[in-house]
Amino acid sequence: MLSRLTRPRALALCALPVVALFVAAAVAPLPFTLAQPGSTSDVLGKHKGRQVITVSGTPVRATEGKLLMTTIVATGPRTDVDLGDVVDSWFRGDRAVLPHGSVYPPGKSDAEIEKRNIGQMRESQNTAVEAALGYLGKSPEQVKVDLELADVGGPSAGLFFALGIVDKIQGDGAGGDLTGGRTVAGTGTVEADGTVGAVGGVSLKTQAAHRDGASVFLVPKDECGDAQAEKPEGLRLVPVTSLQDAVSSLRALERGKKVPSC
C-alpha cells in the first residue's frame with residue numbers, strides 16, 4: 001500500500017535532482033576559455049635582446065616613441081573551466097569568458113594548436129612586410145625586412161608590424177616620427193593590399209595598452225564597440241580600416257589635426 005507524501009516532503013524530493021544538477025555544473029568542466037590582458041611588445045624596439053624589425057637595402061631612420069602590439073592571455077586548450085571560474089570572470093572587467101571553439105580549433109592537440117598559431121604569425125609577418133613595402137613603393141627585391149617576434153602566436157600584430165616598417169623607413173614623411181614621440185598601441189590583421197581586419201579580445205587589449213603607458217589605441221573600425229566596452233580612462237581610440245588610414249591618422253594626430261574616433 002502506498003503512503004501519501006506530505007507537501008514539504010514532495011517538494012524536497014523534487015528539488016533533489018535540481019540541486020544535483022547545480023552541484024554537477026559547479027564541478028564539471030565547461031566549454032569555455034578564460035582570457036585576460038596579456039603582454040605588449042614595442043615593434044620599434046627589441047624583444048628578448050633582439051631588434052624586432054631590421055631593414056636593409058634602404059636608409060633607415062632612428063625612431064622615438066613606441067608602437068605597442070597587444071596580446072591577450074587565455075587558459076590553455078586542455079585547462080578545465082568550471083562554473084565558479086565562469087561566474088567570477090563574468091563580473092570582472094579585466095576578464096573575458098569565450099567559447100572554447102572560438103579560441104582553439106576543436107579536435108586539435110596542443111602541439112597542433114601551437115604550430116597553427118606560429119604559422120599564422122609567420123604568415124602575418126610576411127603579409128605585413130608586403131603591405132608596408134607596397135605602401136612605400138619599395139621593391140622587395142631591393143629592400144629586405146626581418147621580423148623577430150616568433151613566440152607570440154596569431155595574426156593580430158600584422159598592422160603594427162607594417163606601421164613599424166613604415167616608421168623606420170619613412171616616418172611621417174616630413175622628417176618626424178609616426179608616433180610623434182607617443183606610446184601608440186593597437187591591434188589588427190593586415191592584408192597585402194593594406195586592408196585591416198578584425199581580431200578578438202579588443203576590450204582586454206585596450207587594458208594592456210593603458211597599463212603599459214599607451215595614450216592612443218588603433219582599433220579595426222568594426223570593433224569600435226568592443227573597444228569602448230572596457231576602455232580605460234584617458235586612452236584615445238582611433239578606428240582604422242587600412243594601413244593608409246592608420247598612417248594618415250597618426251600624421252594628423254602629430255600635427256594637431258582632426259582625427260577619427262570611435
# chains A, B, ... in the order shown; residues from 1 in each chain; ligands from 1
call {"tool": "residues_around", "arguments": {"residues": "stretch 134-146 of chain A", "least_positions_apart": "2", "cutoff": "12 Å", "atoms": "only C-alpha atoms", "output": "ChimeraX atom specification"}}
result
/A:43,50-60,122,125-132,148-150,161-173,191-195,242-247
call {"tool": "residues_around", "arguments": {"residues": "A:Ala157", "least_positions_apart": "5", "cutoff": "8 Å", "atoms": "only C-alpha atoms", "output": "MDAnalysis selection string"}}
result
chainID A and resid 69:70 121 124 187:189
call {"tool": "write_last_selection", "arguments": {"atoms": "C-alpha atoms", "output": "PDB file, in the first residue's frame"}}
result
ATOM      1  CA  MET A  69      51.382  45.410 -30.375  1.00  0.00           C
ATOM      2  CA  THR A  70      48.978  43.964 -27.798  1.00  0.00           C
ATOM      3  CA  MET A 121      52.206  34.728 -37.011  1.00  0.00           C
ATOM      4  CA  SER A 124      51.111  37.706 -40.748  1.00  0.00           C
ATOM      5  CA  THR A 187      45.787  45.613 -32.933  1.00  0.00           C
ATOM      6  CA  GLY A 188      44.531  44.383 -36.282  1.00  0.00           C
ATOM      7  CA  THR A 189      45.390  41.983 -39.050  1.00  0.00           C
TER       8      THR A 189
END
call {"tool": "select_by_dssp", "arguments": {"residues": "stretch 58-190 of chain A", "states": "strand (DSSP E or B)", "output": "list in words"}}
result
Lys66, Leu67, Leu68, Met69, Thr70, Thr71, Ile72, Val73, Ala74, Val81, Ala96, Val97, Leu98, Pro99, Lys144, Val145, Asp146, Leu147, Thr183, Val184, Ala185, Gly186, Thr189 and Val190 of chain A
call {"tool": "atom_distance", "arguments": {"atom1": "atom CA of A:Val190", "atom2": "atom CA of A:Gln120"}}
result
12.0 Å
call {"tool": "closest_residue", "arguments": {"among": "A:Pro31, A:Leu159, A:Ala252, A:Asp85", "to": "A:Leu178", "atoms": "only C-alpha atoms"}}
result
A:Ala252
call {"tool": "atom_distance", "arguments": {"atom1": "atom CA of A:Asn117", "atom2": "atom CA of A:Pro239"}}
result
25.7 Å
call {"tool": "atom_distance", "arguments": {"atom1": "atom CA of A:Phe160", "atom2": "atom CA of A:Gly180"}}
result
15.6 Å
call {"tool": "residues_around", "arguments": {"residues": "A:Ala208", "least_positions_apart": "4", "cutoff": "7 Å", "atoms": "only C-alpha atoms", "output": "mmCIF file with N, CA and C atoms, in the first residue's frame"}}
result
data_model
loop_
_atom_site.group_PDB
_atom_site.id
_atom_site.type_symbol
_atom_site.label_atom_id
_atom_site.label_comp_id
_atom_site.auth_asym_id
_atom_site.auth_seq_id
_atom_site.Cartn_x
_atom_site.Cartn_y
_atom_site.Cartn_z
ATOM 1 N N PRO A 37 44.080 40.511 -20.076
ATOM 2 C CA PRO A 37 45.094 41.291 -20.804
ATOM 3 C C PRO A 37 46.458 40.604 -20.753
ATOM 4 N N GLY A 38 47.133 40.584 -21.897
ATOM 5 C CA GLY A 38 48.439 39.954 -21.982
ATOM 6 C C GLY A 38 49.562 40.972 -22.047
ATOM 7 N N SER A 39 50.675 40.549 -22.599
ATOM 8 C CA SER A 39 51.850 41.422 -22.696
ATOM 9 C C SER A 39 51.736 42.320 -23.926
ATOM 10 N N THR A 40 52.579 43.341 -23.964
ATOM 11 C CA THR A 40 52.727 44.183 -25.155
ATOM 12 C C THR A 40 54.186 44.141 -25.588
ATOM 13 N N THR A 70 49.603 44.425 -29.034
ATOM 14 C CA THR A 70 48.978 43.964 -27.798
ATOM 15 C C THR A 70 48.516 42.518 -27.922
ATOM 16 N N LEU A 204 40.142 43.650 -23.862
ATOM 17 C CA LEU A 204 41.254 43.280 -22.974
ATOM 18 C C LEU A 204 42.555 43.930 -23.436
ATOM 19 N N ASP A 212 50.518 49.664 -19.981
ATOM 20 C CA ASP A 212 51.902 49.825 -20.415
ATOM 21 C C ASP A 212 52.190 51.203 -20.997
#
